[in-house]
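Peer 1: Got a structure here, written out as structure tokens. Questions coming.
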Amino acid sequence: MGKVLVVSYSYTGTSRQVATTLAGLQGWATGEISEERPGRGDGRCVLDSLLRRQPPIRYEGPPPEQFAAVVLVAPIWLYRLAGPMRTFVARYRERLPAVAVVSAMGGRGAPNAVAEIGRLLGRSPILSTAFLSREVEDGSYGSRLRAFGEAVDKAVEGTEVLRPSTLSPKTA
């Protein structure tokens, strides 16, 4: 069994950058979600979020059940979880071990996405954090991302986890 798998969905590339950086820092495996019918535009993203739809997806990566934990990395759309990640969680919920969540967002909504993932799984994620898109673009998220990765490693190892305070009231 592997240690940790990072699974991402990215519409603009920001979440993919976060996932790639996290996996590289920690030496973890990666998997990627893509839309079965890409290129349907921003309007579809808005409707998927508002209506909490689960659009058709493809997943390329190792089977999640072969890992001790899975870190889900996805964007926030209209204060909600991106539709393709919603589909992945619903489809794979029985095969997902411990889950941690990383959200990439323009402003707010990460707690909503974490709560939705918890409802879909029927259990709470072990850890979560969020980054503003501008933090990813300017690279200032690096130390917080590293701390999050280390906390996930400790949680998987069963050692005591010091949960860093990562969401400020302004960004939550």
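Starting from 1 in every chain, residues are counted up; chains themselves are A, B, ... following the order of the structure tokens, and ligands are numbered from 1 as listed.
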According to DSSP computed on the backbone, where in range 21-159 of chain A is there alpha helix (DSSP H)? Give the residues as a PyMOL selection string.
Peer 2: chain A and resi 21-26+42-51+83-92+110-121+133-138+142-157
Peer 1: With the cut-off set at 12 Å and counting only C-alpha atoms, tabulate each residue of range 85-141 of chain A with an atom at most that distance from an atom of range 25-39 of chain A, showing the nearest atom pair and its distance in Å to one decimal, ordered by chain and increasing number, as JSON lines.
Peer 2:
{"residue": "A:Met85", "atom": "CA", "partner": "A:Ile33", "partner_atom": "CA", "distance": 7.4}
{"residue": "A:Arg86", "atom": "CA", "partner": "A:Ile33", "partner_atom": "CA", "distance": 10.7}
{"residue": "A:Thr87", "atom": "CA", "partner": "A:Ile33", "partner_atom": "CA", "distance": 9.6}
{"residue": "A:Phe88", "atom": "CA", "partner": "A:Ile33", "partner_atom": "CA", "distance": 7.6}
{"residue": "A:Val89", "atom": "CA", "partner": "A:Ile33", "partner_atom": "CA", "distance": 10.8}
{"residue": "A:Arg91", "atom": "CA", "partner": "A:Ile33", "partner_atom": "CA", "distance": 12.0}
{"residue": "A:Tyr92", "atom": "CA", "partner": "A:Ile33", "partner_atom": "CA", "distance": 11.9}
Peer 1: Go ahead and dump the residues you just picked, all heavy atoms, as a PDB file, in the first residue's frame.
Peer 2:
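Below you can see selection-v8.pdb, which holds the result:
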ATOM      1  N   MET A  85     -14.799  17.376  -9.258  1.00  0.00           N
ATOM      2  CA  MET A  85     -14.338  16.769  -8.009  1.00  0.00           C
ATOM      3  C   MET A  85     -15.522  16.172  -7.260  1.00  0.00           C
ATOM      4  O   MET A  85     -15.403  15.112  -6.636  1.00  0.00           O
ATOM      5  CB  MET A  85     -13.592  17.779  -7.134  1.00  0.00           C
ATOM      6  CG  MET A  85     -13.012  17.177  -5.859  1.00  0.00           C
ATOM      7  SD  MET A  85     -11.846  15.798  -6.109  1.00  0.00           S
ATOM      8  CE  MET A  85     -10.378  16.687  -6.599  1.00  0.00           C
ATOM      9  N   ARG A  86     -16.670  16.823  -7.319  1.00  0.00           N
ATOM     10  CA  ARG A  86     -17.893  16.290  -6.697  1.00  0.00           C
ATOM     11  C   ARG A  86     -18.187  14.900  -7.286  1.00  0.00           C
ATOM     12  O   ARG A  86     -18.492  13.960  -6.559  1.00  0.00           O
ATOM     13  CB  ARG A  86     -19.065  17.236  -6.953  1.00  0.00           C
ATOM     14  CG  ARG A  86     -20.377  16.791  -6.369  1.00  0.00           C
ATOM     15  CD  ARG A  86     -21.513  17.771  -6.659  1.00  0.00           C
ATOM     16  NE  ARG A  86     -21.210  19.085  -6.093  1.00  0.00           N
ATOM     17  CZ  ARG A  86     -20.988  20.186  -6.828  1.00  0.00           C
ATOM     18  NH1 ARG A  86     -21.066  20.145  -8.142  1.00  0.00           N
ATOM     19  NH2 ARG A  86     -20.714  21.334  -6.235  1.00  0.00           N
ATOM     20  N   THR A  87     -18.083  14.781  -8.606  1.00  0.00           N
ATOM     21  CA  THR A  87     -18.312  13.497  -9.268  1.00  0.00           C
ATOM     22  C   THR A  87     -17.315  12.445  -8.783  1.00  0.00           C
ATOM     23  O   THR A  87     -17.691  11.310  -8.471  1.00  0.00           O
ATOM     24  CB  THR A  87     -18.186  13.642 -10.801  1.00  0.00           C
ATOM     25  OG1 THR A  87     -19.123  14.625 -11.255  1.00  0.00           O
ATOM     26  CG2 THR A  87     -18.452  12.322 -11.507  1.00  0.00           C
ATOM     27  N   PHE A  88     -16.027  12.826  -8.720  1.00  0.00           N
ATOM     28  CA  PHE A  88     -14.996  11.886  -8.283  1.00  0.00           C
ATOM     29  C   PHE A  88     -15.279  11.375  -6.882  1.00  0.00           C
ATOM     30  O   PHE A  88     -15.234  10.164  -6.632  1.00  0.00           O
ATOM     31  CB  PHE A  88     -13.614  12.552  -8.331  1.00  0.00           C
ATOM     32  CG  PHE A  88     -12.512  11.662  -7.830  1.00  0.00           C
ATOM     33  CD1 PHE A  88     -11.934  10.713  -8.669  1.00  0.00           C
ATOM     34  CD2 PHE A  88     -12.056  11.759  -6.529  1.00  0.00           C
ATOM     35  CE1 PHE A  88     -10.923   9.874  -8.214  1.00  0.00           C
ATOM     36  CE2 PHE A  88     -11.047  10.928  -6.060  1.00  0.00           C
ATOM     37  CZ  PHE A  88     -10.477   9.977  -6.900  1.00  0.00           C
ATOM     38  N   VAL A  89     -15.572  12.275  -5.950  1.00  0.00           N
ATOM     39  CA  VAL A  89     -15.815  11.867  -4.563  1.00  0.00           C
ATOM     40  C   VAL A  89     -17.031  10.946  -4.489  1.00  0.00           C
ATOM     41  O   VAL A  89     -17.001   9.909  -3.815  1.00  0.00           O
ATOM     42  CB  VAL A  89     -15.975  13.088  -3.632  1.00  0.00           C
ATOM     43  CG1 VAL A  89     -16.365  12.656  -2.221  1.00  0.00           C
ATOM     44  CG2 VAL A  89     -14.681  13.903  -3.597  1.00  0.00           C
ATOM     45  N   ARG A  91     -18.280   9.040  -6.864  1.00  0.00           N
ATOM     46  CA  ARG A  91     -18.006   7.781  -7.566  1.00  0.00           C
ATOM     47  C   ARG A  91     -17.041   6.891  -6.789  1.00  0.00           C
ATOM     48  O   ARG A  91     -17.157   5.660  -6.791  1.00  0.00           O
ATOM     49  CB  ARG A  91     -17.429   8.079  -8.942  1.00  0.00           C
ATOM     50  CG  ARG A  91     -17.194   6.812  -9.770  1.00  0.00           C
ATOM     51  CD  ARG A  91     -16.576   7.114 -11.107  1.00  0.00           C
ATOM     52  NE  ARG A  91     -17.470   7.878 -11.953  1.00  0.00           N
ATOM     53  CZ  ARG A  91     -17.113   8.421 -13.117  1.00  0.00           C
ATOM     54  NH1 ARG A  91     -15.872   8.284 -13.550  1.00  0.00           N
ATOM     55  NH2 ARG A  91     -17.977   9.089 -13.834  1.00  0.00           N
ATOM     56  N   TYR A  92     -16.054   7.482  -6.130  1.00  0.00           N
ATOM     57  CA  TYR A  92     -14.998   6.718  -5.466  1.00  0.00           C
ATOM     58  C   TYR A  92     -15.138   6.642  -3.949  1.00  0.00           C
ATOM     59  O   TYR A  92     -14.267   6.092  -3.290  1.00  0.00           O
ATOM     60  CB  TYR A  92     -13.622   7.303  -5.819  1.00  0.00           C
ATOM     61  CG  TYR A  92     -13.171   6.978  -7.218  1.00  0.00           C
ATOM     62  CD1 TYR A  92     -13.573   7.760  -8.298  1.00  0.00           C
ATOM     63  CD2 TYR A  92     -12.349   5.890  -7.470  1.00  0.00           C
ATOM     64  CE1 TYR A  92     -13.161   7.463  -9.590  1.00  0.00           C
ATOM     65  CE2 TYR A  92     -11.933   5.580  -8.754  1.00  0.00           C
ATOM     66  CZ  TYR A  92     -12.347   6.376  -9.813  1.00  0.00           C
ATOM     67  OH  TYR A  92     -11.943   6.075 -11.086  1.00  0.00           O
TER      68      TYR A  92
END
Peer 1: Name the closest residue to Ile117 in chain A among the candidates A:Ala100, A:Ile57, A:Leu132, A:Lys154; distances are taken between atoms, counting only C-alpha atoms.
Peer 2: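 Of A:Ala100, A:Ile57, A:Leu132, A:Lys154, the one nearest Ile117 in chain A is A:Ala100, counting only C-alpha atoms.
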Peer 1: With distances taken over only C-alpha atoms, which of A:Gly24, A:Pro75, A:Gly13, A:Gly83 is nearest to Ala110 in chain A?
Peer 2: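 Looking at the shortest contact to Ala110 in chain A, the residue is A:Pro75.
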Peer 1: Using DSSP on the backbone coordinates, identify all residues within range 21-154 of chain A classified as strand (DSSP E); present the result as a PyMOL selection string.
Peer 2: chain A and resi 29-35+57-60+67-77+80-81+98-105+127-132
Peer 1: Which of these residues is nearest to Leu5 in chain A, using only C-alpha atoms: A:Val114, A:Val136, A:Ala90, A:Val71?
Peer 2: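 Comparing A:Val114, A:Val136, A:Ala90, A:Val71 against Leu5 in chain A, the winner is A:Val71.
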Peer 1: Can you measure CA of Pro56 in chain A to CA of Glu137 in chain A for me? One decimal in Å is fine.
Peer 2: 28.8 Å
Peer 1: Closest to Leu96 in chain A among A:Asn112, A:Gln66, A:Ser128, A:Ser15, using only C-alpha atoms?
Peer 2: A:Gln66
Peer 1: Calculate how many Å separate CA of Met105 in chain A from CA of Arg123 in chain A, rounding to one decimal.
Peer 2: 23.3 Å
Peer 1: Taking only C-alpha atoms into account, name the residue in A:Tyr59, A:Ala104, A:Leu78, A:Pro64 that is nearest to Arg16 in chain A.
Peer 2: A:Ala104
